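Below is one structure, written out as structure tokens, with a few remarks after it.
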Amino acid sequence: MNSAKAIVGLSLLLCFSSAGFAQNEPCTSDARFSAFDFWVGDWDVYANGNPVGSNSIVKHEAGCLLLESWEGAGGSTGMSLNYFNPVSGFWQQVWVSAGEYAIDISGGLVNESMVLVGELYNYGSGETFDFRGTWTPNADGSVRQFFEQVNPETSAWEPWFDGRYVRKDTDSTL
């Protein structure tokens with residue numbers, strides 16, 4: 001019986017280490033996985049010139065994943081996983097905040113901006129809204145993050161958050 005388990009275990013090990021399951025080209029050598037790199041870093045975040053929080057975006061899993069960790073000035077928190085899916089050809093973001101809402105959006109580069117579209121789920125009300133996020137790198141090294149949701153009464157896109165990300169290691173002016 002132990003030899004049968006050993007054979008099954010060895011077979012599984014060989015199967016999962018074979019070329020069929022190995023990553024042939026790491027994410028670091030495929031430029032599509034770097035399209036959102038302008039957002040990587042430690043940031044102070046401002047809205048209307050006022051500090052609203054800080055954010056850290058770090059590359060993980062050999063460059064295949066961006067992990068976002070948000071801390072709002074008022075105590076809110078949230079995290080997102082961001083990755084490029086080479087099968088669909090789209091970037092995907094899944095965001096979850098502590099008891100407030102979740103966001104599930106996907107898309108890609110439009111000109112110089114990362115534009116992701118999908119849905120926002122409000123935990124409190126149980127409502128779902130069409131949602132769009134646009135991240136645009138600025139010439140001074142800052143990044144504009146502009147979120148919009150569709151107003152269910154007018155079906156029009158309306159601003160939800162308009163923030164400016166300033167790197168913590170720079171002295172960019174607001």
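Residues are named by chain letter and number: chains run A, B, ... in the order of the structure tokens, numbers start at 1 in each chain, and ligands are numbered from 1 in the order shown.
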Using only C-alpha atoms, find each residue in region 86-128 of chain A having at least one atom no more than 10 Å away from region 144-160 of chain A; report its shortest atom-to-atom pair and that distance in Å (one decimal), rows by chain then rising number, as a Markdown table.
```
| residue | atom | partner | partner_atom | distance |
| --- | --- | --- | --- | --- |
| A:Ser113 | CA | A:Arg144 | CA | 9.4 |
| A:Met114 | CA | A:Gln145 | CA | 9.5 |
| A:Val115 | CA | A:Phe146 | CA | 9.5 |
| A:Leu116 | CA | A:Phe147 | CA | 9.6 |
| A:Val117 | CA | A:Glu148 | CA | 9.4 |
| A:Gly118 | CA | A:Gln149 | CA | 9.6 |
| A:Glu119 | CA | A:Gln149 | CA | 8.5 |
| A:Leu120 | CA | A:Gln149 | CA | 8.0 |
| A:Thr128 | CA | A:Pro152 | CA | 9.7 |
```
Generate the output file for the selected residues, N, CA and C atoms, as a compact mmCIF listing (two decimals), in the first residue's frame.
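Okay, result-v3.txt is ready:
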```txt
# COMPACT_ATOMS: atom_id res chain seq x y z
N SER A 113 -3.48 55.79 -20.24
CA SER A 113 -4.22 55.51 -19.00
C SER A 113 -4.64 54.05 -18.92
N MET A 114 -4.66 53.54 -17.68
CA MET A 114 -5.25 52.22 -17.42
C MET A 114 -6.72 52.45 -17.12
N VAL A 115 -7.59 51.82 -17.91
CA VAL A 115 -9.03 52.00 -17.76
C VAL A 115 -9.66 50.62 -17.52
N LEU A 116 -10.27 50.47 -16.35
CA LEU A 116 -10.90 49.22 -15.96
C LEU A 116 -12.37 49.47 -15.66
N VAL A 117 -13.25 48.61 -16.18
CA VAL A 117 -14.69 48.79 -16.07
C VAL A 117 -15.32 47.51 -15.54
N GLY A 118 -16.35 47.66 -14.72
CA GLY A 118 -17.06 46.50 -14.19
C GLY A 118 -18.13 46.93 -13.22
N GLU A 119 -18.07 46.33 -12.00
CA GLU A 119 -19.13 46.61 -11.03
C GLU A 119 -18.58 46.89 -9.64
N LEU A 120 -19.32 47.73 -8.93
CA LEU A 120 -19.09 48.01 -7.52
C LEU A 120 -20.26 47.38 -6.76
N THR A 128 -25.72 47.02 -6.63
CA THR A 128 -24.60 46.88 -7.55
C THR A 128 -24.67 48.03 -8.54
```
Notebook entry, point to check: Just asking: which residues within region 32-170 of chain A are strand (DSSP E or B) according to DSSP, as a PyMOL selection string?
Noted result: chain A and resi 41-47+50-60+65-72+77-85+90-97+101-110+113-122+128-137+143-150+157-167
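Secondary structure from DSSP on the backbone puts helix (DSSP H, G or I) at the following positions of chain A: Asn2, Ser3, Ala4, Lys5, Ala6, Ile7, Val8, Gly9, Leu10, Ser11, Leu12, Leu13, Leu14, Cys15, Phe16, Cys27, Thr28, Ser29, Ala31, Arg32, Phe33, Ser34, Asp37, Phe38, Trp39, Glu61, Ala62 and Gly63 of chain A.
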What does the file look like for those residues with N, CA and C atoms, as a tab-separated table (two decimals), in the first residue's frame?
```tsv
chain	number	residue	atom	x	y	z
A	2	ASN	N	1.95	1.26	0.82
A	2	ASN	CA	2.83	2.43	0.86
A	2	ASN	C	3.52	2.64	-0.48
A	3	SER	N	3.86	1.56	-1.17
A	3	SER	CA	4.50	1.73	-2.48
A	3	SER	C	3.53	2.31	-3.49
A	4	ALA	N	2.24	1.96	-3.38
A	4	ALA	CA	1.23	2.54	-4.28
A	4	ALA	C	1.09	4.03	-4.03
A	5	LYS	N	1.11	4.45	-2.75
A	5	LYS	CA	1.03	5.88	-2.43
A	5	LYS	C	2.27	6.60	-2.94
A	6	ALA	N	3.42	5.97	-2.81
A	6	ALA	CA	4.67	6.57	-3.28
A	6	ALA	C	4.64	6.75	-4.79
A	7	ILE	N	4.12	5.77	-5.50
A	7	ILE	CA	4.05	5.86	-6.97
A	7	ILE	C	3.10	6.98	-7.38
A	8	VAL	N	1.93	7.07	-6.71
A	8	VAL	CA	0.97	8.14	-7.02
A	8	VAL	C	1.60	9.50	-6.71
A	9	GLY	N	2.26	9.60	-5.55
A	9	GLY	CA	2.90	10.86	-5.18
A	9	GLY	C	3.98	11.26	-6.16
A	10	LEU	N	4.82	10.32	-6.57
A	10	LEU	CA	5.87	10.60	-7.54
A	10	LEU	C	5.28	10.99	-8.88
A	11	SER	N	4.21	10.31	-9.28
A	11	SER	CA	3.54	10.64	-10.55
A	11	SER	C	3.00	12.06	-10.54
A	12	LEU	N	2.37	12.45	-9.42
A	12	LEU	CA	1.84	13.81	-9.30
A	12	LEU	C	2.97	14.84	-9.33
A	13	LEU	N	4.04	14.56	-8.63
A	13	LEU	CA	5.18	15.47	-8.61
A	13	LEU	C	5.75	15.66	-10.00
A	14	LEU	N	5.92	14.58	-10.74
A	14	LEU	CA	6.44	14.68	-12.10
A	14	LEU	C	5.47	15.40	-13.02
A	15	CYS	N	4.18	15.15	-12.82
A	15	CYS	CA	3.16	15.79	-13.64
A	15	CYS	C	3.16	17.30	-13.44
A	16	PHE	N	3.18	17.76	-12.18
A	16	PHE	CA	3.11	19.19	-11.90
A	16	PHE	C	4.42	19.90	-12.14
A	27	CYS	N	6.58	36.51	-16.00
A	27	CYS	CA	5.86	37.77	-16.21
A	27	CYS	C	6.80	38.96	-16.37
A	28	THR	N	8.01	38.84	-15.85
A	28	THR	CA	8.96	39.94	-15.95
A	28	THR	C	9.47	40.13	-17.37
A	29	SER	N	9.32	39.14	-18.24
A	29	SER	CA	9.83	39.28	-19.61
A	29	SER	C	8.72	39.56	-20.63
A	31	ALA	N	6.04	42.34	-21.64
A	31	ALA	CA	5.74	43.76	-21.41
A	31	ALA	C	4.30	44.01	-20.98
A	32	ARG	N	3.39	43.14	-21.35
A	32	ARG	CA	1.98	43.35	-20.98
A	32	ARG	C	1.79	43.33	-19.46
A	33	PHE	N	2.65	42.59	-18.75
A	33	PHE	CA	2.56	42.52	-17.30
A	33	PHE	C	3.10	43.78	-16.62
A	34	SER	N	3.73	44.66	-17.39
A	34	SER	CA	4.31	45.89	-16.84
A	34	SER	C	3.49	47.13	-17.16
A	37	ASP	N	2.77	49.33	-14.20
A	37	ASP	CA	3.90	49.60	-13.30
A	37	ASP	C	4.00	51.06	-12.87
A	38	PHE	N	3.41	51.97	-13.62
A	38	PHE	CA	3.48	53.38	-13.23
A	38	PHE	C	2.77	53.63	-11.90
A	39	TRP	N	1.94	52.68	-11.46
A	39	TRP	CA	1.19	52.80	-10.22
A	39	TRP	C	1.92	52.16	-9.04
A	61	GLU	N	4.81	37.82	-6.86
A	61	GLU	CA	4.75	36.64	-7.73
A	61	GLU	C	5.51	36.85	-9.04
A	62	ALA	N	6.78	37.22	-8.88
A	62	ALA	CA	7.69	37.40	-10.02
A	62	ALA	C	7.14	38.39	-11.05
A	63	GLY	N	6.46	39.44	-10.56
A	63	GLY	CA	5.94	40.47	-11.45
A	63	GLY	C	4.58	40.19	-12.03
```
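Taking only C-alpha atoms into account, Val40 (chain A) lies nearest to A:Gly141 out of the set A:Gly141, A:Glu127, A:Phe161, A:Val94.
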Notebook entry, point to check: Separation of CA of Trp95 (chain A) and CA of Ala73 (chain A), in Å?
Noted result: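 Between CA of Trp95 (chain A) and CA of Ala73 (chain A) the gap works out to 18.3 Å.
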Note to self: List the spatial neighbours of Leu67 (chain A) as a ChimeraX atom specification - criterion: any atom at most 6 Å away, only C-alpha atoms, same-chain residues fewer than 2 positions off excluded.
What the structure shows: /A:57-58,80-81
Next item on the list: Name the closest residue to Gly108 (chain A) among the candidates A:Ser76, A:Ser69, A:Gln93, A:Asn48; distances are taken between atoms, counting only C-alpha atoms.
Entry: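 Closest residue, counting only C-alpha atoms: A:Gln93.
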Next item on the list: Find, counting only C-alpha atoms, the residue in A:Gly78, A:Gly107, A:Pro51, A:Pro86 that gets nearest to Pro26 (chain A).
Entry: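 With only C-alpha atoms as the atom set, the closest residue is A:Pro86.
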Checklist line | Residue with smallest distance to Leu65 (chain A) - pool A:Val110, A:Ile105, A:Ala98, A:Ala35, counting only C-alpha atoms | finding: A:Ala35
Margin query: Using only C-alpha atoms for the distances, tell me which of A:Tyr83, A:Trp135, A:Phe129, A:Trp91 is nearest to His60 (chain A).
Written below: A:Tyr83
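Between CA of Asp30 (chain A) and CA of Gly89 (chain A) lies a distance of 12.3 Å.
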Note to self: Report, in Å to a single decimal, how far apart CA of Tyr46 (chain A) and CA of Pro137 (chain A) are.
What the structure shows: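 Atom-to-atom, CA of Pro137 (chain A) and CA of Tyr46 (chain A) are spaced 14.8 Å apart.
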